[in-house]
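Data file: final-v5.txt. Format and content: compact mmCIF, C-alpha atoms.
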```txt
# COMPACT_ATOMS: atom_id res chain seq x y z
CA MET E 6 -30.59 89.96 -45.36
CA GLY E 7 -27.80 91.38 -43.20
CA GLU E 8 -24.20 92.03 -44.05
CA PRO E 9 -21.99 88.94 -44.44
CA ILE E 10 -20.07 87.91 -41.34
CA ARG E 11 -16.40 88.89 -41.51
CA PRO E 12 -14.08 86.18 -40.17
CA LEU E 13 -11.46 87.20 -37.65
CA GLN E 14 -8.04 87.71 -39.20
CA PRO E 15 -4.54 87.16 -37.80
CA GLY E 16 -3.60 90.10 -35.61
CA GLU E 17 -7.13 90.61 -34.27
CA ALA E 18 -8.21 89.90 -30.71
CA ALA E 19 -10.29 86.79 -30.00
CA PRO E 20 -13.75 87.64 -28.61
CA ALA E 21 -14.76 86.80 -25.07
CA PHE E 22 -16.61 83.51 -24.69
CA ALA E 23 -17.64 81.07 -21.98
CA LEU E 24 -18.99 77.64 -22.95
CA PRO E 25 -19.89 74.47 -21.05
CA ALA E 26 -17.52 71.55 -21.46
CA ALA E 27 -18.83 68.15 -22.51
CA ASN E 28 -15.88 66.13 -21.22
CA ALA E 29 -14.86 68.20 -18.20
CA GLU E 30 -16.51 70.00 -15.32
CA GLY E 31 -17.71 73.57 -15.58
CA THR E 32 -17.09 76.06 -18.35
CA VAL E 33 -14.11 77.19 -20.38
CA SER E 34 -13.71 80.86 -21.20
CA LEU E 35 -11.28 83.16 -22.93
CA ASP E 36 -10.32 84.51 -19.50
CA SER E 37 -9.60 81.00 -18.18
CA LEU E 38 -7.27 80.41 -21.14
CA ARG E 39 -5.44 83.71 -20.80
CA GLY E 40 -1.70 83.16 -20.70
CA ARG E 41 -1.85 79.95 -22.76
CA PRO E 42 -2.01 79.67 -26.55
CA PHE E 43 -4.83 77.53 -27.89
CA LEU E 44 -6.22 76.04 -31.07
CA ILE E 45 -10.00 76.31 -31.29
CA GLY E 46 -12.09 74.63 -33.97
CA PHE E 47 -15.74 75.49 -34.61
CA PHE E 48 -17.83 72.62 -35.96
CA ARG E 49 -21.32 71.68 -36.97
CA GLY E 50 -23.33 69.32 -34.80
CA LEU E 51 -22.81 65.61 -34.40
CA HIS E 52 -24.93 65.02 -37.51
CA CYS E 53 -21.87 66.02 -39.61
CA PRO E 54 -19.61 62.98 -40.17
CA PHE E 55 -16.81 65.16 -41.50
CA CYS E 56 -16.81 67.19 -38.29
CA ARG E 57 -16.70 64.02 -36.21
CA ARG E 58 -13.69 62.90 -38.24
CA GLN E 59 -11.95 66.22 -37.74
CA VAL E 60 -12.40 65.99 -33.98
CA LYS E 61 -10.70 62.58 -34.17
CA GLN E 62 -7.85 64.15 -36.14
CA LEU E 63 -7.51 66.86 -33.50
CA ALA E 64 -7.25 64.07 -30.91
CA ARG E 65 -4.22 62.73 -32.78
CA VAL E 66 -2.69 66.22 -32.99
CA GLN E 67 -3.44 67.11 -29.36
CA PRO E 68 -0.37 65.41 -27.80
CA VAL E 69 1.97 67.32 -30.12
CA LEU E 70 0.24 70.63 -29.38
CA HIS E 71 0.13 69.86 -25.66
CA ALA E 72 3.89 69.23 -25.64
CA ALA E 73 4.30 72.68 -27.24
CA GLY E 74 2.10 74.27 -24.57
CA VAL E 75 -0.92 74.74 -26.85
CA GLU E 76 -4.41 73.81 -25.64
CA THR E 77 -6.76 72.08 -28.12
CA LEU E 78 -10.47 72.89 -28.09
CA ALA E 79 -13.39 71.91 -30.29
CA VAL E 80 -16.69 73.81 -30.19
CA ILE E 81 -19.54 71.52 -31.22
CA ASN E 82 -22.91 72.89 -32.36
CA THR E 83 -24.70 70.42 -30.06
CA PRO E 84 -26.40 70.71 -26.64
CA VAL E 85 -24.10 69.64 -23.84
CA GLU E 86 -26.28 66.71 -22.71
CA ARG E 87 -26.25 65.18 -26.21
CA ALA E 88 -22.50 65.74 -26.59
CA ARG E 89 -21.78 64.12 -23.23
CA LEU E 90 -23.76 61.05 -24.20
CA TYR E 91 -22.00 60.67 -27.56
CA PHE E 92 -18.47 61.30 -26.30
CA ARG E 93 -18.95 58.94 -23.38
CA TYR E 94 -18.52 56.25 -26.06
CA GLN E 95 -16.09 58.26 -28.21
CA PRO E 96 -13.68 59.74 -25.64
CA THR E 97 -11.14 62.32 -26.75
CA PRO E 98 -8.33 64.31 -25.13
CA VAL E 99 -9.57 67.42 -26.95
CA THR E 100 -11.52 69.79 -24.71
CA LEU E 101 -15.06 69.70 -26.09
CA LEU E 102 -17.21 72.80 -25.72
CA CYS E 103 -20.88 73.07 -26.65
CA ASP E 104 -22.63 75.92 -28.44
CA PRO E 105 -26.03 74.80 -29.76
CA ASP E 106 -26.84 78.32 -30.97
CA CYS E 107 -23.55 78.95 -32.84
CA ARG E 108 -23.11 82.26 -31.03
CA THR E 109 -19.38 81.72 -30.59
CA HIS E 110 -19.06 80.63 -34.22
CA ARG E 111 -20.54 84.00 -35.20
CA ALA E 112 -18.36 85.90 -32.71
CA PHE E 113 -15.26 84.50 -34.43
CA GLY E 114 -16.84 85.29 -37.80
CA VAL E 115 -17.30 81.73 -39.03
CA PRO E 116 -19.96 82.14 -41.72
CA ARG E 117 -23.02 80.12 -42.54
CA ILE E 118 -24.39 79.82 -46.05
CA GLU E 119 -27.52 81.86 -46.73
CA PHE E 120 -29.29 80.83 -49.90
CA LEU E 121 -30.33 83.68 -52.17
CA PRO E 122 -33.82 83.96 -53.65
CA GLU E 123 -34.29 82.49 -57.10
CA GLY E 124 -33.18 84.92 -59.77
CA SER E 125 -30.78 86.82 -57.52
CA ASP E 126 -27.47 87.75 -59.14
CA GLU E 127 -25.57 88.77 -56.00
CA PRO E 128 -23.85 85.63 -54.69
CA GLU E 129 -20.99 86.28 -52.27
CA TRP E 130 -19.63 82.88 -51.40
CA PRO E 131 -19.68 81.56 -48.76
CA SER E 132 -22.04 83.89 -46.90
CA ARG E 133 -24.51 84.19 -49.78
CA ALA E 134 -24.92 81.48 -52.37
CA LYS E 135 -27.31 80.25 -54.99
CA VAL E 136 -28.98 76.94 -54.24
CA GLU E 137 -27.62 75.51 -57.48
CA GLN E 138 -24.05 76.28 -56.34
CA PHE E 139 -24.55 74.04 -53.33
CA GLU E 140 -26.50 71.37 -55.18
CA GLY E 141 -23.83 71.20 -57.86
CA ALA E 142 -20.96 70.63 -55.42
CA ARG E 143 -19.24 67.24 -55.42
CA ILE E 144 -16.92 66.27 -52.57
CA ASN E 145 -14.84 63.35 -51.31
CA PRO E 146 -12.33 65.00 -48.94
CA THR E 147 -11.47 61.90 -46.91
CA GLY E 148 -11.36 59.50 -49.88
CA GLU E 149 -13.93 57.20 -48.27
CA LEU E 150 -16.63 57.63 -50.89
CA PRO E 151 -16.73 55.54 -54.06
CA GLN E 152 -16.94 58.80 -56.00
CA PRO E 153 -17.43 62.50 -55.21
CA LEU E 154 -20.98 63.12 -54.02
CA GLN E 155 -23.18 66.10 -53.28
CA PRO E 156 -22.42 67.11 -49.64
CA MET E 157 -25.77 66.05 -48.19
CA ALA E 158 -25.59 62.70 -49.98
CA ALA E 159 -22.04 62.26 -48.68
CA ASN E 160 -23.30 62.83 -45.13
CA VAL E 161 -25.90 60.10 -45.53
CA VAL E 162 -23.34 57.59 -46.85
CA LEU E 163 -20.77 58.25 -44.11
CA ASN E 164 -23.33 58.30 -41.30
CA ALA E 165 -24.52 54.90 -42.49
CA LYS E 166 -20.92 53.67 -42.63
CA ASP E 167 -20.37 54.87 -39.07
CA GLY E 168 -23.64 53.41 -37.83
CA PHE E 169 -24.60 56.91 -36.68
CA GLU E 170 -28.33 57.56 -36.46
CA PRO E 171 -29.22 61.21 -35.76
CA ASP E 172 -31.70 61.60 -32.93
CA GLU E 173 -34.32 64.34 -32.50
CA THR E 174 -31.75 66.71 -31.03
CA ASP E 175 -29.37 66.20 -33.96
CA ASN E 176 -32.20 66.72 -36.46
CA ALA E 177 -33.25 69.96 -34.75
CA ILE E 178 -29.68 71.27 -34.82
CA PHE E 179 -29.40 70.36 -38.49
CA ALA E 180 -32.68 72.12 -39.27
CA ASN E 181 -31.49 75.32 -37.58
CA HIS E 182 -27.78 75.30 -38.43
CA GLY E 183 -27.31 72.87 -41.32
CA THR E 184 -25.42 75.40 -43.46
CA GLN E 185 -22.99 76.47 -40.73
CA LEU E 186 -19.39 76.34 -41.93
CA VAL E 187 -16.31 75.23 -39.99
CA GLY E 188 -13.39 77.38 -38.87
CA HIS E 189 -10.08 76.88 -37.08
CA PHE E 190 -8.19 79.59 -35.18
CA LEU E 191 -4.85 79.56 -33.40
CA VAL E 192 -4.81 82.13 -30.60
CA ASP E 193 -1.67 83.20 -28.74
CA ALA E 194 -1.20 83.60 -24.99
CA ALA E 195 -2.32 87.24 -25.16
CA GLY E 196 -5.60 86.32 -26.87
CA ILE E 197 -4.58 87.42 -30.38
CA VAL E 198 -5.47 85.34 -33.43
CA ARG E 199 -2.29 84.22 -35.20
CA TRP E 200 -3.69 81.77 -37.77
CA ALA E 201 -7.13 81.17 -39.22
CA GLN E 202 -8.57 78.66 -41.68
CA LEU E 203 -12.15 78.58 -42.93
CA GLU E 204 -13.97 75.79 -44.70
CA ALA E 205 -14.75 76.14 -48.41
CA ARG E 206 -12.83 79.34 -49.08
CA ASP E 207 -12.35 78.16 -52.67
CA GLY E 208 -16.02 77.40 -53.30
CA PRO E 209 -18.55 74.64 -52.65
CA ASP E 210 -16.36 71.85 -54.03
CA SER E 211 -14.06 72.35 -51.03
CA LEU E 212 -16.83 71.89 -48.49
CA CYS E 213 -15.84 69.52 -45.66
CA THR E 214 -12.13 69.95 -46.43
CA PHE E 215 -10.36 70.90 -43.21
CA PRO E 216 -6.73 71.63 -42.22
CA THR E 217 -4.44 68.62 -42.10
CA ALA E 218 -2.51 67.61 -39.01
CA ALA E 219 0.69 68.86 -40.66
CA GLU E 220 -0.85 72.27 -41.38
CA ILE E 221 -2.05 72.65 -37.81
CA ILE E 222 1.31 71.64 -36.33
CA ALA E 223 3.18 73.97 -38.69
CA ALA E 224 0.93 76.88 -37.65
CA ALA E 225 1.56 76.12 -33.98
CA ASP E 226 5.30 75.99 -34.60
CA ASN E 227 5.10 79.59 -35.87
CA LEU E 228 3.59 80.97 -32.66
```
Rewritten as structure tokens:
Amino acid sequence: MGEPIRPLQPGEAAPAFALPAANAEGTVSLDSLRGRPFLIGFFRGLHCPFCRRQVKQLARVQPVLHAAGVETLAVINTPVERARLYFRYQPTPVTLLCDPDCRTHRAFGVPRIEFLPEGSDEPEWPSRAKVEQFEGARINPTGELPQPLQPMAANVVLNAKDGFEPDETDNAIFANHGTQLVGHFLVDAAGIVRWAQLEARDGPDSLCTFPTAAEIIAAADNL
């Protein structure tokens, strides 16, 4: 097992990236954004109902950020063809980028949970966790559930509520990247990270809790 990924911190340079856009032509790269500040969120695949909800929240925040000169991007852990099909019916003003291998997630240091072997006593949340830590988590971050549920059970309930049925592509992404966490970064016009928020910093009971619109706008105001 390798060393835990270290998330980028304010004051550090954003890494180079170039990703295909799902709702625009061509690719978007760090170089193409140079000279403009941007908010970039890194999400799980479409199988995650909480990520889909956060993209919708970013859509509501986007006009405010746009008026302040800040671009809004969401990196989805989904192949571009699948993302284009889904967002054809769920359009958004947020620039959607696709990274089915989570390479850009890793470049920004957004961790994924690796479960430790049974009997290990070296958990280092969130990069390394015991299975029982995850299984014991109970969440209800959007208040839509009748009671806090284990994260995987919560996904099932909300996907059913949304009428979302994962296809083979979604299931493959989940199998390969199901424990990927979510991160948000605000990057200034020079490509320097000025604000960063990672999912579940406080432990597994804060899984699927993401920055609020007010928190994002306040961070942008401080650029």
Practice problem: Please provide the set of residues having any atom within 8 Å of segment 145-158 of chain E, restricted to only C-alpha atoms, with same-chain residues fewer than 6 positions apart removed, written as a list of chain:residue names. | Solution: E:Ser211, E:Leu212, E:Cys213, E:Thr214
Hey, can you spit out that residue selection with C-alpha atoms as a compact mmCIF listing (two decimals), keeping the file's coordinate frame?
```txt
# COMPACT_ATOMS: atom_id res chain seq x y z
CA SER E 211 -14.06 72.35 -51.03
CA LEU E 212 -16.83 71.89 -48.49
CA CYS E 213 -15.84 69.52 -45.66
CA THR E 214 -12.13 69.95 -46.43
```
Around segment 199-215 of chain E, fit a box with edges along x, y and z, padding it by 5 Å on each side, then list its centre and edge lengths in Å to one decimal as lines of an AutoDock Vina configuration file.
```
center_x = -10.4
center_y = 76.9
center_z = -44.6
size_x = 26.3
size_y = 24.7
size_z = 28.8
```
Quiz item: Can you tell me, as a VMD selection string, what residues are no more than 6 Å from segment 90-102 of chain E when counting all atoms listed in the file, ignoring any on the same chain fewer than 3 positions away?
Solution: chain E and resid 24 to 27 64 77 to 80 87
Self-check item: Nearest candidate to Val115 of chain E (options E:Glu129, E:Asp175, E:Glu204, E:Glu86; using only C-alpha atoms)
Solution: E:Glu204
Practice problem: For atom CA of Val198 of chain E and atom CA of Phe215 of chain E, quote the distance in Å rounded to one decimal. | Solution: 18.1 Å
Quiz item: Pick the closest to Gln185 of chain E from E:Arg65, E:Lys135, E:Arg117, E:Arg39: which is it, counting only C-alpha atoms?
Solution: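 Among the listed residues, the smallest separation from Gln185 of chain E belongs to E:Arg117.
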Exercise. Find the residue from E:Ile81, E:Ile197, E:Ala18, E:Val60 that sits nearest to Pro105 of chain E; use only C-alpha atoms when measuring.
Key: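 For Pro105 of chain E, the nearest of the candidates is E:Ile81.
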Quiz item: Looking at E:Pro131, E:Gly114, E:Gly46, E:Pro209, which one is nearest to Asn82 of chain E, with distances taken over all atoms listed in the file?
Solution: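 Checking each candidate against Asn82 of chain E, we get E:Gly46 as the closest.
Closest approach to Arg199 of chain E among E:Asn176, E:Thr32, E:Asn227, E:Thr109 is made by E:Asn227 (distances from only C-alpha atoms).
Going from atom CA of Ala224 of chain E to atom CA of Ala21 of chain E covers 22.4 Å.
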Exercise. Considering only C-alpha atoms, state which residue in the set E:Arg133, E:His71, E:His182, E:Arg206 is at the smallest distance from Phe48 of chain E.
Key: E:His182
Self-check item: Atom pair atom CA of Ala195 of chain E / atom CA of Pro20 of chain E: separation (Å)
Solution: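 That distance, rounded to one decimal, is 11.9 Å.
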Quiz prompt | Nearby residues (all atoms listed in the file) at most 6 Å from Pro42 of chain E, same-chain spacing under 5 positions excluded, as a list in words | solution =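 Listed by chain and then number, they are Val75, Val192, Asp193 and Ala194 of chain E.
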